Amino acid sequence: MGGRRPLGLADSGVLLALAGWIALLYWPFWSGDPRAQAAFRPGDFTEQHYPFAAYAHRRLQAGQLPLWDPYTLGGHPFAAYIQAQAFYPVRWAVAFLSQGHPLSARAYAAETIAHLILTAWGAYGFFRRTARDRAAAAFGAFAWGLSGYLTGYPLQDPPIVASLAWLPWLLWGLAGLLEGAPHPGRWRALAILAWAMTFLGGHTQTTLYVYLIALAFAGAQLGARQAGRARGARELARVILLGTGLTAAPLLATLELIPWTERMEWTFPQRAGGFELWELAGTFWPQLTLWSPLYVGIPTLLLALANLAAGTPEGRLPRILWGGLAGVGGLWALGGEAALYPALVRLLPVLELFRNQERAALIPAWCLVALAVEGWPRPPTESLRRALRWIIGGTGLLLLGALLLIQAQDISQWPRLHRLLSQAGWPWAMAAGALLLLRGWPRTRWALVALLALDVGSVAWRTAEAGHRVWQDPEAVAAPPITPDMLPASGPPYRVDTRGHATGNWTAQVGVEDLHGSVTLALRPFLRFRQQVPGERVWALMGVGCYLQRADEPPLPFPSRPVRSLTLGEKAVELRCLEVPFSRFHLMYEAVVFDDETALRALRDAAFDPLRTVILDRLWPLPGMSPPSTPPRLTVQAWAPEALQLEVWTEKPGFLVIGDVWYPGWQAWVDGQPAPVLRAYTTLRAVPVPAGAHVVILRYEPLSVRLGLALSGLSFALLCLSAFRGRP
């Protein structure tokens, strides 16, 4: 494991113990037994991420790279939405190994939990190399793989877990590469792949934190060397360049998307939210809130403190590195509560894209684990032990007094107060047990590992019970409220307006086109169009045919028929379809050019007829354009998520308006000749069409993705060459 010998039997046993303990703690999510089966609670996991994973899975199984999602928010650039993991190799592997089966909710839960095992194994490899001690590596792997951060909210947001899973693998590769270990090509390949997988995992905010930790570690490694710094710096640059090159396709697509998103208009308070100061007590008190993101186990905390308190020159650089990073990360997690955050925003403007700064808690969480492992050979000094004995003894007396005080309270308050007391008593029991085991150091080191596994494992189980788990069939919990078979089987393509009654991205999972969805980087023009333009005009332009209506809502002024009654949570709703659905395709023979603000005002003006005059974002003259005497004819010949083919006949030249979201990368051809795709009504597509019969083809072929794939292919080729090279 340290690069000097192959994986041994004892190491294999530790890896199996890690996998077995994590799998056991989360067995209800894996279980296929209906009597003992659990699902993730309805939330981000079921509503936002699982449907997108299922959509990508289906497209990849069909041999198609999912670039566009036509089902969510009127259409969205799927490849540019990094959380959808369209380019994540794990998503490709699962699609290939599924042998044609759709991605079930239980399989997606299993994939998410498997990332906990993956990161625990990576932590074991990294700490096995740096600490040169099997027990220390096992301690660090259990502390990290079941840390309160990983087993808390991120399980509801699998891209966070996927991105964070590669942190120890990246550090492991950098450690071997920068230390000059044998077989540098292998270490280089590991570091490059882990760098890329961190980004491809899908959560850019987490990726930023991982890169910060990795660069700080690499800088410390280079600073500690007496010779070969230039070679090490070149190796680090190669890792960054090739690793980033492998991510070029989604990276360039995301950079193209960002200027069009609503996040660019966020205010400082919207971005700066983080922990409140009292929540830092979660470092030693699990379940203080619903999640325990700062909790890495009381034994871990004691060993980290012992390492920081050590005055020996040995290990000073790691103490400075991990201790300093832990402090920065802790302040960062406070967001606007700390004076550090505004300075960080000025230093790193990319932070303006992120909210929920408490996610920076992963930095101190990792650093506390690293400090504990680095200090493994050094048990607490006698003075620290004495202080800990006083603290633990005093806390025990306080807990006993609290127990007696509870008995004097009204009996109706006992359950709540006893629950709080048990939550406070758990870290006390772990601290007392750890201190007793440290007295027998080093004979009791494996017992300390077992105590830590019990500590973080118990907290992970309780967190799952309180915040993740419902004892139901996963497929029933994640079932979409509407399926295509509920909609009319014939006629033009029907778009549904769920009107906020059925939230989430389930439409992508089943193939129902909706005006709503849950996308972090939503397109600003479409959101403004949907929110500021009268609903009947949105329906008329975007081709809505069915909608959801709550039972107590007043009827809408459109002739419609009930299709099915549904129960969504506690709400009774009805799926209704219009007697005459709105068309998604229109030919317009009048055009004006307005900026977005003027266009939105015009669309709100009752005197303006949007079905007579198209609003364009730029001037595009069509000679001879005038109202025809004969109505035009439109026929959809072929449709796919990234392509559309229509047959059009028009007596006069005009603009073909398509009620789908406009976005850079959509290209058009009229009879095989390139034509522009103009932005209409601030957010829809328009293609100029001459008089006569024509075949109009639209395809989504973004230059960002094509260029990115070329760069990724080049980077992969260089990686393969680099992996088989010796020392540069």
# chains A, B, ... in the order shown; residues from 1 in each chain; ligands from 1
>>> residues_around(residues="Phe275 in chain A", least_positions_apart="6", cutoff="12 Å", atoms="only C-alpha atoms", output="list in words")
Ala281, Gly282, Thr289, Trp291, Ser292, Pro293, Leu294, Gly329, Gly330, Leu331, Trp332, Ala333, Leu334, Gly335, Gly336, Glu337, Ala338, Arg355, Asn356, Gln357, Glu358, Arg359, Ala360 and Ala361 of chain A
>>> select_by_dssp(residues="range 13-188 of chain A", states="strand (DSSP E or B)", output="list in words")
Ala39, Phe40, Asp69 and His76 of chain A
>>> write_last_selection(atoms="N, CA, C and O atoms", output="PDB file, in the first residue's frame")
ATOM      1  N   ALA A  39     -36.103   3.435   1.991  1.00  0.00           N
ATOM      2  CA  ALA A  39     -35.848   4.339   0.870  1.00  0.00           C
ATOM      3  C   ALA A  39     -35.399   5.673   1.418  1.00  0.00           C
ATOM      4  O   ALA A  39     -35.604   5.983   2.602  1.00  0.00           O
ATOM      5  N   PHE A  40     -34.763   6.462   0.569  1.00  0.00           N
ATOM      6  CA  PHE A  40     -34.450   7.833   0.948  1.00  0.00           C
ATOM      7  C   PHE A  40     -35.741   8.640   1.009  1.00  0.00           C
ATOM      8  O   PHE A  40     -36.630   8.487   0.173  1.00  0.00           O
ATOM      9  N   ASP A  69     -31.876  18.096 -22.337  1.00  0.00           N
ATOM     10  CA  ASP A  69     -33.030  17.547 -21.628  1.00  0.00           C
ATOM     11  C   ASP A  69     -34.265  18.339 -22.050  1.00  0.00           C
ATOM     12  O   ASP A  69     -34.444  19.480 -21.623  1.00  0.00           O
ATOM     13  N   HIS A  76     -33.519  22.083 -21.319  1.00  0.00           N
ATOM     14  CA  HIS A  76     -32.356  22.535 -20.554  1.00  0.00           C
ATOM     15  C   HIS A  76     -31.100  21.854 -21.084  1.00  0.00           C
ATOM     16  O   HIS A  76     -31.143  20.679 -21.475  1.00  0.00           O
TER      17      HIS A  76
END
>>> select_by_dssp(residues="range 266-444 of chain A", states="helix (DSSP H, G or I)", output="VMD selection string")
chain A and resid 268 to 272 277 to 283 298 to 309 316 to 333 335 to 337 340 to 347 349 to 353 357 to 374 382 to 407 411 to 439
>>> residues_around(residues="Leu200 in chain A", least_positions_apart="2", cutoff="7 Å", atoms="only C-alpha atoms", output="list in words")
Gln85, Phe87, Tyr88, Ala196, Met197, Thr198, Gly202 and Thr247 of chain A
>>> write_last_selection(atoms="N, CA and C atoms", output="PDB file, in the first residue's frame")
ATOM      1  N   GLN A  85     -24.240  14.630 -14.129  1.00  0.00           N
ATOM      2  CA  GLN A  85     -23.213  13.587 -14.264  1.00  0.00           C
ATOM      3  C   GLN A  85     -23.252  12.888 -15.627  1.00  0.00           C
ATOM      4  N   PHE A  87     -21.168  13.067 -17.915  1.00  0.00           N
ATOM      5  CA  PHE A  87     -19.819  12.664 -18.325  1.00  0.00           C
ATOM      6  C   PHE A  87     -19.087  11.896 -17.221  1.00  0.00           C
ATOM      7  N   TYR A  88     -19.785  11.502 -16.170  1.00  0.00           N
ATOM      8  CA  TYR A  88     -19.155  10.807 -15.043  1.00  0.00           C
ATOM      9  C   TYR A  88     -18.954   9.344 -15.418  1.00  0.00           C
ATOM     10  N   ALA A 196      -9.633  14.566 -12.193  1.00  0.00           N
ATOM     11  CA  ALA A 196     -10.736  14.671 -13.147  1.00  0.00           C
ATOM     12  C   ALA A 196     -12.039  14.142 -12.549  1.00  0.00           C
ATOM     13  N   MET A 197     -11.983  13.009 -11.860  1.00  0.00           N
ATOM     14  CA  MET A 197     -13.192  12.405 -11.314  1.00  0.00           C
ATOM     15  C   MET A 197     -13.841  13.298 -10.262  1.00  0.00           C
ATOM     16  N   THR A 198     -13.038  14.064  -9.556  1.00  0.00           N
ATOM     17  CA  THR A 198     -13.594  14.989  -8.566  1.00  0.00           C
ATOM     18  C   THR A 198     -14.534  15.983  -9.232  1.00  0.00           C
ATOM     19  N   GLY A 202     -19.690  15.882 -10.157  1.00  0.00           N
ATOM     20  CA  GLY A 202     -20.882  16.678 -10.378  1.00  0.00           C
ATOM     21  C   GLY A 202     -21.150  17.825  -9.441  1.00  0.00           C
ATOM     22  N   THR A 247     -11.666  16.861 -18.150  1.00  0.00           N
ATOM     23  CA  THR A 247     -13.000  17.388 -17.819  1.00  0.00           C
ATOM     24  C   THR A 247     -13.454  18.454 -18.809  1.00  0.00           C
TER      25      THR A 247
END
>>> residues_around(residues="range 695-697 of chain A", least_positions_apart="6", cutoff="10 Å", atoms="only C-alpha atoms", output="list of chain:residue names")
A:Leu634, A:Thr635, A:Val636, A:Gln637, A:Ala638, A:Trp639, A:Ala643, A:Leu644, A:Gln645, A:Leu646, A:Glu647, A:Val648, A:Trp649, A:Leu656, A:Gln667, A:Ala668, A:Trp669, A:Val670, A:Asp671, A:Gly672, A:Gln673, A:Pro674, A:Ala675, A:Val687, A:Pro688, A:Val689
>>> residues_around(residues="range 546-555 of chain A", least_positions_apart="2", cutoff="8 Å", atoms="only C-alpha atoms", output="MDAnalysis selection string")
chainID A and resid 487 494:499 501 544 557 571:578 581
>>> atom_distance(atom1="CA of Leu556 in chain A", atom2="CA of Pro525 in chain A")
25.8 Å
>>> closest_residue(among="A:Val14, A:Ala54, A:Ile160, A:Leu277", to="Ala105 in chain A", atoms="only C-alpha atoms")
A:Ala54
